[in-house]
$ cat run.txt   # compact mmCIF, C-alpha atoms
# COMPACT_ATOMS: atom_id res chain seq x y z
CA MET K 1 -1.88 250.90 43.46
CA ALA K 2 -2.53 250.22 39.79
CA ALA K 3 -6.02 249.36 38.72
CA THR K 4 -5.25 245.87 37.49
CA PRO K 5 -3.93 244.32 40.70
CA ALA K 6 -6.97 245.71 42.57
CA ASP K 7 -9.29 244.16 40.01
CA ALA K 8 -7.47 240.88 40.17
CA SER K 9 -7.57 240.79 43.96
CA SER K 10 -11.26 241.73 44.09
CA SER K 11 -12.19 239.01 41.65
CA SER K 12 -10.05 236.52 43.51
CA SER K 13 -11.75 237.55 46.75
CA GLU K 14 -15.08 236.89 45.14
CA ALA K 15 -13.86 233.48 44.12
CA VAL K 16 -12.67 232.83 47.67
CA VAL K 17 -16.03 233.86 49.10
CA GLY K 18 -17.60 231.45 46.69
CA GLY K 19 -20.70 233.32 45.61
CA GLU K 20 -21.39 234.59 42.16
CA LYS K 21 -21.39 238.26 43.06
CA SER K 22 -22.45 239.88 39.87
CA ASN K 23 -23.38 243.53 40.02
CA LYS K 24 -26.51 242.71 38.15
CA MET K 25 -29.47 244.90 38.98
CA ILE K 26 -32.83 243.38 39.82
CA THR K 27 -36.10 245.19 39.24
CA LEU K 28 -38.73 244.99 41.94
CA ILE K 29 -42.25 246.17 41.27
CA SER K 30 -44.44 247.40 44.11
CA SER K 31 -48.15 246.69 44.44
CA ASP K 32 -48.98 250.11 43.04
CA GLY K 33 -46.84 249.56 39.96
CA GLU K 34 -43.68 251.47 40.88
CA SER K 35 -40.37 249.98 39.83
CA PHE K 36 -37.34 249.87 42.07
CA GLU K 37 -33.82 248.77 41.24
CA ALA K 38 -31.62 246.88 43.62
CA THR K 39 -28.37 245.02 43.30
CA GLU K 40 -28.79 241.29 43.11
CA GLU K 41 -26.74 241.05 46.27
CA ALA K 42 -29.09 243.31 48.20
CA ALA K 43 -32.18 241.69 46.72
CA LYS K 44 -30.98 238.26 47.78
CA MET K 45 -31.26 239.32 51.41
CA SER K 46 -34.86 238.33 50.80
CA VAL K 47 -34.93 234.55 50.73
CA THR K 48 -38.15 234.71 48.72
CA ILE K 49 -36.53 236.81 46.01
CA LYS K 50 -33.38 234.70 46.16
CA HIS K 51 -35.39 231.61 45.29
CA MET K 52 -37.18 233.40 42.50
CA ILE K 53 -33.86 234.52 41.02
CA GLU K 54 -32.45 231.03 41.26
CA ASP K 55 -35.59 229.63 39.67
CA GLY K 56 -35.11 232.06 36.82
CA CYS K 57 -38.33 234.04 37.42
CA ALA K 58 -36.58 237.37 37.90
CA ASP K 59 -35.61 238.35 34.39
CA ASP K 60 -38.50 240.69 33.66
CA GLY K 61 -38.59 242.21 37.08
CA ILE K 62 -40.26 240.75 40.16
CA PRO K 63 -43.82 241.89 40.93
CA LEU K 64 -44.62 242.14 44.61
CA PRO K 65 -48.39 242.55 44.84
CA ASN K 66 -48.34 242.68 48.61
CA VAL K 67 -45.81 245.43 49.10
CA PRO K 68 -46.70 249.08 48.43
CA ALA K 69 -44.04 251.44 47.10
CA LYS K 70 -43.51 253.31 50.37
CA ILE K 71 -42.69 250.08 52.18
CA LEU K 72 -40.70 248.57 49.35
CA SER K 73 -38.34 251.52 49.23
CA MET K 74 -37.69 251.14 52.97
CA VAL K 75 -37.10 247.43 52.56
CA ILE K 76 -34.61 248.05 49.76
CA GLU K 77 -32.88 250.69 51.85
CA TYR K 78 -32.48 248.11 54.59
CA CYS K 79 -31.16 245.47 52.23
CA ASN K 80 -28.70 247.84 50.60
CA LYS K 81 -27.31 248.93 53.93
CA HIS K 82 -27.05 245.45 55.40
CA ALA K 83 -25.79 243.76 52.22
CA ALA K 84 -22.96 246.29 52.08
CA ASP K 85 -22.13 245.55 55.71
CA ALA K 86 -22.03 241.82 55.12
CA ASP K 87 -19.92 242.37 52.06
CA ASP K 88 -17.37 244.48 53.94
CA THR K 89 -16.98 241.81 56.56
CA ASN K 90 -16.44 239.20 53.87
CA LYS K 91 -13.87 241.31 52.09
CA HIS K 92 -11.86 241.81 55.25
CA VAL K 93 -11.92 238.14 55.99
CA ALA K 94 -11.08 237.09 52.45
CA ASP K 95 -8.05 239.31 51.83
CA PRO K 96 -5.65 238.82 54.72
CA ALA K 97 -2.71 238.85 52.36
CA ASP K 98 -3.85 242.09 50.79
CA ALA K 99 -4.19 243.99 54.04
CA ASP K 100 -1.42 246.42 54.81
CA GLU K 101 -1.04 248.10 58.17
CA ASP K 102 -3.40 250.89 57.33
CA ASP K 103 -6.12 248.47 56.38
CA ASP K 104 -5.79 246.55 59.62
CA ASN K 105 -6.18 249.66 61.74
CA ASN K 106 -9.03 250.84 59.59
CA ASN K 107 -10.71 247.44 59.83
CA ASN K 108 -10.82 247.58 63.60
CA ASN K 109 -11.96 251.20 63.82
CA ALA K 110 -14.32 250.85 60.89
CA SER K 111 -16.14 247.76 62.16
CA ALA K 112 -16.79 249.34 65.55
CA GLY K 113 -17.92 252.57 63.92
CA GLU K 114 -19.84 250.69 61.26
CA LYS K 115 -21.71 248.73 63.90
CA GLU K 116 -22.80 251.97 65.58
CA ASP K 117 -23.72 253.39 62.22
CA LEU K 118 -25.79 250.31 61.40
CA LYS K 119 -27.52 250.40 64.76
CA SER K 120 -28.58 254.02 64.38
CA PHE K 121 -29.68 253.33 60.81
CA ASP K 122 -31.85 250.44 62.00
CA ALA K 123 -33.29 252.54 64.80
CA SER K 124 -34.31 255.36 62.50
CA LEU K 125 -35.74 252.95 59.95
CA VAL K 126 -38.30 251.60 62.42
CA ALA K 127 -39.04 254.92 64.12
CA VAL K 128 -42.34 255.12 62.28
CA ASP K 129 -46.05 255.05 63.07
CA GLN K 130 -47.69 251.77 64.00
CA ALA K 131 -49.38 251.32 60.64
CA THR K 132 -46.11 251.58 58.75
CA LEU K 133 -44.39 249.34 61.28
CA PHE K 134 -46.97 246.63 60.76
CA ASP K 135 -46.59 247.03 57.00
CA ILE K 136 -42.85 246.53 57.34
CA ILE K 137 -43.39 243.39 59.40
CA LEU K 138 -45.80 241.96 56.86
CA ALA K 139 -43.46 242.78 53.98
CA ALA K 140 -40.40 241.40 55.74
CA ASN K 141 -42.32 238.24 56.54
CA PHE K 142 -43.58 237.86 52.99
CA LEU K 143 -40.10 238.48 51.57
CA SER K 144 -38.41 236.36 54.25
CA ILE K 145 -35.90 238.94 55.41
CA LYS K 146 -35.15 237.66 58.89
CA GLY K 147 -33.05 240.63 60.05
CA LEU K 148 -35.68 243.18 59.11
CA LEU K 149 -38.51 241.07 60.52
CA ASP K 150 -36.78 240.70 63.87
CA LEU K 151 -35.89 244.38 63.90
CA ALA K 152 -39.47 245.51 63.32
CA CYS K 153 -40.97 242.94 65.70
CA GLN K 154 -38.57 243.97 68.44
CA LYS K 155 -39.65 247.57 67.90
CA VAL K 156 -43.30 246.64 68.44
CA ALA K 157 -42.32 244.82 71.64
CA ASP K 158 -40.41 247.89 72.78
CA ASP K 159 -43.48 250.01 72.10
CA ILE K 160 -45.69 247.74 74.21
CA LYS K 161 -43.32 247.96 77.17
CA ASP K 162 -44.69 249.70 80.25
CA LYS K 163 -47.92 250.74 78.60
CA SER K 164 -51.27 250.48 80.34
CA VAL K 165 -54.10 248.36 78.93
CA GLU K 166 -55.86 251.42 77.56
CA GLU K 167 -52.67 252.72 75.97
CA VAL K 168 -51.96 249.37 74.31
CA ARG K 169 -55.48 249.26 72.87
CA GLU K 170 -55.17 252.85 71.67
CA ILE K 171 -51.72 252.57 70.09
CA PHE K 172 -52.32 249.28 68.31
CA LYS K 173 -55.97 249.98 67.55
CA ILE K 174 -57.04 246.85 69.36
CA GLU K 175 -60.69 246.15 69.70
CA ASN K 176 -61.83 245.05 73.12
CA ASP K 177 -63.91 242.00 72.29
CA PHE K 178 -64.52 240.86 75.85
CA THR K 179 -68.00 240.97 77.26
CA LYS K 180 -68.42 242.98 80.44
CA GLU K 181 -68.33 239.82 82.55
CA GLU K 182 -65.37 238.38 80.67
CA GLU K 183 -63.37 241.55 81.02
CA GLU K 184 -64.05 241.70 84.73
CA ALA K 185 -62.92 238.10 85.07
CA VAL K 186 -59.76 238.65 83.05
CA ARG K 187 -58.87 241.75 85.03
CA LYS K 188 -59.32 239.84 88.27
CA GLU K 189 -57.28 236.97 86.89
CA ASN K 190 -54.38 239.34 86.21
CA ALA K 191 -54.80 241.70 89.15
CA TRP K 192 -51.79 240.20 90.91
CA ALA K 193 -49.49 241.91 88.45
CA PHE K 194 -50.78 245.40 89.20
CA ASN K 195 -51.11 245.79 92.94
CA GLU K 196 -49.04 248.79 94.04
CA TYR N 1 -39.87 229.95 55.44
CA LEU N 2 -41.10 228.60 52.15
CA PRO N 3 -44.39 227.10 53.45
CA SER N 4 -45.19 230.26 55.41
CA TYR N 5 -44.54 232.29 52.27
CA ALA N 6 -47.34 230.51 50.54
CA ARG N 7 -49.65 230.73 53.54
CA THR N 8 -48.88 234.31 54.38
CA ALA N 9 -49.11 235.43 50.79
CA ALA N 10 -52.71 234.20 50.76
CA SER N 11 -53.61 235.91 54.03
CA VAL N 12 -51.76 239.06 53.10
CA ALA N 13 -53.32 239.11 49.66
CA ALA N 14 -56.68 238.95 51.38
CA SER N 15 -55.89 242.14 53.22
CA ALA N 16 -54.04 243.62 50.28
CA PRO N 17 -56.63 246.35 49.63
CA GLN N 18 -55.68 247.94 52.95
CA LEU N 19 -51.95 247.70 52.34
CA SER N 20 -51.89 248.97 48.80
CA SER N 21 -53.77 252.16 49.56
CA GLY N 22 -50.79 254.28 48.66
CA ASN N 23 -52.95 257.38 48.38
CA SER N 24 -53.82 259.93 51.03
CA VAL N 25 -56.44 257.71 52.67
CA GLU N 26 -55.16 256.69 56.11
CA PRO N 27 -55.04 252.88 56.19
CA ASN N 28 -57.14 251.57 59.05
CA MET N 29 -54.30 249.48 60.40
CA SER N 30 -55.18 247.54 63.48
CA ALA N 31 -53.67 244.73 65.45
CA SER N 32 -55.83 242.22 63.63
CA ASP N 33 -53.83 242.87 60.46
CA LEU N 34 -50.90 240.95 61.82
CA PRO N 35 -51.48 237.22 61.74
CA ASP N 36 -51.10 235.28 64.96
CA GLU N 37 -47.66 233.93 64.12
CA LEU N 38 -46.25 237.46 63.71
CA TRP N 39 -47.79 238.66 66.98
CA ALA N 40 -46.31 235.54 68.53
CA ARG N 41 -42.92 236.54 67.13
CA VAL N 42 -43.27 240.02 68.63
CA LEU N 43 -44.05 238.58 72.05
CA GLU N 44 -41.29 235.99 71.77
CA LEU N 45 -38.68 238.61 70.92
CA GLY N 46 -40.02 240.88 73.64
CA ALA N 47 -39.83 238.25 76.35
CA ALA N 48 -36.38 237.09 75.26
CA SER N 49 -34.95 240.60 75.10
CA ALA N 50 -36.48 241.64 78.44
CA ALA N 51 -38.47 244.33 76.65
CA LEU N 52 -41.65 242.67 77.90
CA GLY N 53 -42.16 241.74 81.51
CA PHE N 54 -44.93 240.05 83.47
CA ARG N 55 -46.95 243.22 83.73
CA ASP N 56 -46.81 243.85 79.99
CA LEU N 57 -47.99 240.31 79.25
CA CYS N 58 -50.83 240.74 81.73
CA CYS N 59 -51.80 244.05 80.08
CA LEU N 60 -51.95 242.25 76.76
CA ALA N 61 -54.08 239.53 78.33
CA ILE N 62 -56.66 242.16 79.28
CA ALA N 63 -56.53 243.98 75.95
CA SER N 64 -58.43 241.51 73.79
CA ARG N 65 -59.34 237.84 73.49
CA ARG N 66 -56.76 237.18 70.83
CA LEU N 67 -53.93 238.92 72.65
CA ARG N 68 -54.90 237.13 75.83
CA ARG N 69 -54.55 233.81 74.07
CA LEU N 70 -51.19 234.82 72.62
CA SER N 71 -49.91 236.19 75.91
CA LEU N 72 -50.61 232.91 77.71
CA HIS N 73 -48.17 231.01 75.49
CA PRO N 74 -46.15 228.97 78.02
CA PRO N 75 -42.64 229.48 76.57
CA LEU N 76 -43.06 233.23 77.15
CA TRP N 77 -43.63 232.71 80.84
CA SER N 78 -40.87 230.11 81.06
CA ALA N 79 -38.50 232.71 79.68
CA LEU N 80 -39.64 235.22 82.30
CA LEU N 81 -39.29 232.60 85.04
CA SER N 82 -35.73 231.76 84.13
CA ARG N 83 -34.85 235.43 83.97
CA ASP N 84 -36.59 236.74 87.08
CA PHE N 85 -36.31 233.71 89.35
CA PRO N 86 -33.20 231.98 88.03
CA SER N 87 -31.73 230.23 91.05
CA GLN N 88 -34.90 228.32 91.73
CA SER N 89 -34.39 225.70 89.05
CA GLN N 90 -37.12 223.33 88.12
CA PRO N 91 -36.54 219.60 87.62
CA SER N 92 -35.70 219.11 83.99
CA SER N 93 -37.20 215.65 83.67
CA SER N 94 -40.18 215.81 81.37
CA SER N 95 -42.06 213.19 83.36
CA SER N 96 -42.79 215.70 86.09
CA GLN N 97 -44.29 218.20 83.68
CA GLN N 98 -47.81 217.10 84.45
CA GLN N 99 -47.36 217.85 88.13
CA GLN N 100 -46.01 221.34 87.50
CA PRO N 101 -48.42 224.21 87.19
CA ASP N 102 -48.35 226.17 83.96
CA PRO N 103 -45.51 228.72 83.78
CA LYS N 104 -47.75 231.75 84.27
CA SER N 105 -49.28 230.40 87.50
CA LEU N 106 -45.84 229.38 88.67
CA TYR N 107 -44.54 232.87 87.94
CA ARG N 108 -47.44 234.38 89.85
CA THR N 109 -46.73 232.18 92.89
CA LYS N 110 -43.06 233.04 92.98
CA PHE N 111 -43.84 236.69 92.40
CA GLU N 112 -46.30 236.89 95.29
CA ARG N 113 -43.93 235.06 97.60
CA HIS N 114 -41.23 237.52 96.61
CA LYS N 115 -43.55 240.44 97.31
CA LEU N 116 -44.29 239.10 100.80
CA ARG N 117 -40.61 238.76 101.56
CA MET N 118 -39.97 242.32 100.41
CA ALA N 119 -42.86 243.61 102.57
CA GLU N 120 -41.42 241.76 105.58
CA ALA N 121 -38.00 243.25 105.01
CA ARG N 122 -39.51 246.71 104.71
CA ARG N 123 -41.47 246.31 107.96
CA ARG N 124 -38.33 245.20 109.74
CA ALA N 125 -36.38 248.16 108.42
CA VAL N 126 -39.10 250.60 109.53
CA TYR N 127 -39.23 249.00 112.97
CA GLU N 128 -35.46 249.35 113.39
CA ALA N 129 -35.52 252.93 112.18
CA GLU N 130 -38.28 253.77 114.63
CA GLY N 131 -36.18 252.27 117.44
CA ARG N 132 -33.27 254.45 116.45
CA VAL N 133 -35.49 257.53 116.41
CA VAL N 134 -36.72 256.81 119.96
CA ALA N 135 -33.16 256.37 121.26
CA CYS N 136 -32.17 259.59 119.56
CA ARG N 137 -35.00 261.53 121.13
CA ARG N 138 -34.02 260.26 124.55
CA ARG N 139 -30.44 261.45 124.00
CA LEU N 140 -31.69 264.83 122.89
CA THR N 141 -33.76 265.23 126.08
CA GLU N 142 -30.80 264.26 128.24
CA LEU N 143 -28.64 266.76 126.46
CA GLU N 144 -31.19 269.49 126.99
CA GLU N 145 -31.25 268.77 130.71
CA SER N 146 -27.48 268.77 130.95
CA MET N 147 -27.29 272.04 129.12
CA CYS N 148 -29.85 273.56 131.48
CA ALA N 149 -27.94 272.41 134.54
CA GLU N 150 -24.72 273.73 133.12
CA GLY N 151 -26.40 277.00 132.35
CA ASP N 152 -27.56 277.32 135.96
CA ARG N 153 -24.05 276.58 137.19
CA MET N 154 -22.73 279.25 134.92
CA LYS N 155 -25.18 281.79 136.31
CA ALA N 156 -24.22 281.01 139.90
CA THR N 157 -20.54 281.22 139.05
CA ALA N 158 -21.05 284.56 137.32
CA GLN N 159 -22.84 285.94 140.36
CA GLU N 160 -20.11 284.81 142.73
CA LEU N 161 -17.58 286.31 140.36
CA ASP N 162 -19.44 289.59 140.43
CA SER N 163 -19.45 289.92 144.20
CA LEU N 164 -15.82 288.86 144.50
CA GLU N 165 -14.87 291.47 141.95
CA ARG N 166 -16.56 294.02 144.15
CA VAL N 167 -14.51 292.80 147.15
CA ARG N 168 -11.34 293.01 145.18
CA ARG N 169 -12.06 296.54 144.05
CA ALA N 170 -12.87 297.46 147.63
CA SER N 171 -9.59 296.08 148.97
CA VAL N 172 -7.71 297.96 146.31
CA ALA N 173 -9.61 301.11 147.11
CA LEU N 174 -8.68 300.76 150.79
CA ASN N 175 -5.13 301.64 149.91
CA VAL N 176 -6.31 304.97 148.69
CA TRP N 177 -7.72 307.70 150.81
CA GLN N 178 -11.51 307.67 150.82
CA PRO N 179 -14.31 309.47 152.66
CA GLN N 180 -14.79 307.78 156.04
CA VAL N 181 -18.21 306.38 155.15
CA VAL N 182 -17.04 304.70 152.00
CA HIS N 183 -13.91 303.46 153.74
CA GLY N 184 -15.98 301.92 156.45
CA ARG N 185 -18.20 300.09 154.04
CA GLN N 186 -15.32 298.76 152.03
CA LYS N 187 -13.56 297.51 155.15
CA GLN N 188 -16.73 295.67 156.12
CA LEU N 189 -16.93 294.06 152.69
CA VAL N 190 -13.37 292.86 152.79
CA GLN N 191 -13.64 291.54 156.33
CA GLN N 192 -16.78 289.62 155.52
CA CYS N 193 -15.23 287.79 152.66
CA THR N 194 -13.80 284.58 153.96
CA VAL N 195 -12.50 283.35 150.71
CA PRO N 196 -9.00 284.04 149.34
CA VAL N 197 -10.11 286.52 146.72
CA ASP N 198 -7.50 286.24 144.02
CA SER N 199 -7.23 282.49 143.75
CA ARG N 200 -10.97 282.10 143.94
CA LEU N 201 -11.34 284.60 141.13
CA SER N 202 -9.09 282.65 138.80
CA ALA N 203 -10.79 279.39 139.76
CA LEU N 204 -14.13 280.91 138.93
CA HIS N 205 -12.91 282.21 135.61
CA MET N 206 -11.62 278.74 134.79
CA GLU N 207 -14.94 277.17 135.72
CA LEU N 208 -16.77 279.66 133.56
CA LYS N 209 -14.61 278.69 130.63
CA VAL N 210 -15.26 274.98 131.21
CA CYS N 211 -18.98 275.62 131.46
CA LYS N 212 -18.99 277.44 128.18
CA GLN N 213 -17.03 274.64 126.52
CA GLN N 214 -19.38 272.03 127.91
CA ILE N 215 -22.38 273.90 126.63
CA ALA N 216 -20.77 274.18 123.22
CA THR N 217 -20.17 270.43 123.18
CA TYR N 218 -23.74 269.75 124.22
CA LYS N 219 -24.98 272.09 121.51
CA ASN N 220 -22.98 270.22 118.85
CA ALA N 221 -24.22 266.81 119.95
CA TYR N 222 -27.74 268.18 120.04
CA VAL N 223 -27.53 269.49 116.52
CA CYS N 224 -26.08 266.20 115.28
CA ASP N 225 -28.76 264.12 116.88
CA LEU N 226 -31.46 266.50 115.72
CA ARG N 227 -30.30 266.08 112.14
CA PHE N 228 -30.37 262.31 112.50
$ encode --input "run.txt" --output "structure tokens"
Amino acid sequence: MAATPADASSSSSEAVVGGEKSNKMITLISSDGESFEATEEAAKMSVTIKHMIEDGCADDGIPLPNVPAKILSMVIEYCNKHAADADDTNKHVADPADADEDDDNNNNNASAGEKEDLKSFDASLVAVDQATLFDIILAANFLSIKGLLDLACQKVADDIKDKSVEEVREIFKIENDFTKEEEEAVRKENAWAFNE
Amino acid sequence: YLPSYARTAASVAASAPQLSSGNSVEPNMSASDLPDELWARVLELGAASAALGFRDLCCLAIASRRLRRLSLHPPLWSALLSRDFPSQSQPSSSSSQQQQPDPKSLYRTKFERHKLRMAEARRRAVYEAEGRVVACRRRLTELEESMCAEGDRMKATAQELDSLERVRRASVALNVWQPQVVHGRQKQLVQQCTVPVDSRLSALHMELKVCKQQIATYKNAYVCDLRF
């Protein structure tokens, strides 16, 4: 295919989708002063950043005083990966006329494979120590990235599963603030769950 | 999300020193660094996805005051109720909510009732199994006795066979010349035998075969029952 028709169809698909998908890069600045670049599309996965862009505050780069560099790079990785996925789905939907037979077959195989790919990406992203996991949750909450927030929260829930009281306290560095009497009472109150 | 952004930014900024320690110092991250609403989200997702069950929530309740408070959140236990005890639907009218116990107590009640039922079922199963074992043992004893009796019969048959064989040999030998003494003895043997030798011999052989078969059958049944 010649370059021009492809360009025309891609711009028409953008028009069909309705968003202004510029390939503009946004600069994000971590709490420790490191700068990261992300496509506007990926950055807008954060509702917080999206609003800032729309309010015109993003031109000189967006400072994020609550997000250290290590976490910010993970967040951006997530957004890049998931923005691309959303984009692919949109493209397939928007260009039915464009699709030839090859595309159709590829669409079906690709989306199943892509889903698996995305799942394993997500799993490896949150396979981190508790401290980092909590940092991710706080960042995702601050930046309003629902997908990442749910992903990280679910991971914490998975980590709590089937642990004993002592293990939970140890893993999440939880301080036991019960008095001796209170703890005894609480244990008795919940004993029904632990017999045999 | 917008309101929480403002609120969380303030709380997060307060703990910012811990977060922004990007150097080699290990951040002293603890559960208290997540605000209540995020812990609540963790528990909510856990309960909904079946990652967290009643035991996990009870573990959390014992872990600390704050987690206890969060783990008692009624919608969590309602979710567990509808998942673990689905068929027992509760009246949906909100007017009866005051009469209903809180979801966690309700869960506990249903759980303990369920445990009782399971214990009952187990006791019944054990009782039935014990009954079967007793019956089996009785069969085994009977088989042993039968085998013994059969064995005795076999011995007697073999002995009779033996002596009859001797008679037969003697009668055959009579047709041949023998020293007078031997001849005399053999004649005596043959005369004393009142039974038709040949037919009795074959009958005895047949009975021996049957005995052996019977014993084999008993042995098989014995082994089967023993295994059971």
$ atom_distance --input "run.txt" --atom1 "atom CA of N:Met118" --atom2 "atom CA of K:Val168"
29.6 Å
$ interface_residues --input "run.txt" --of "chain K" --to "chain N" --cutoff "8 Å" --atoms "all atoms listed in the file" --output "MDAnalysis selection string"
chainID K and resid 31:32 48 65:70 130:131 134:135 137:138 141:144 150 153:154 156:158 160:166 168:169 172:178 183 186:187 190 192:194
$ atom_distance --input "run.txt" --atom1 "atom CA of N:Leu72" --atom2 "atom CA of N:Pro101"
13.1 Å
$ atom_distance --input "run.txt" --atom1 "atom CA of N:Ser163" --atom2 "atom CA of N:Val190"
10.9 Å
$ axis_aligned_box --input "run.txt" --around "stretch 41-57 of chain N" --padding-each-side "4 Å" --output "lines of an AutoDock Vina configuration file"
center_x = -41.5
center_y = 240.2
center_z = 75.4
size_x = 21.0
size_y = 16.3
size_z = 24.6
$ residues_around --input "run.txt" --residues "stretch 79-86 of chain K" --least-positions-apart "2" --cutoff "10 Å" --atoms "all atoms listed in the file" --output "ChimeraX atom specification"
/K:38-46,73-77,88-91,111,114-115,118,121-122,145,147-148
$ closest_residue --input "run.txt" --among "K:Ile171, K:Ile26, K:Ala112, K:Leu72" --to "K:Gly56" --atoms "only C-alpha atoms"
K:Ile26
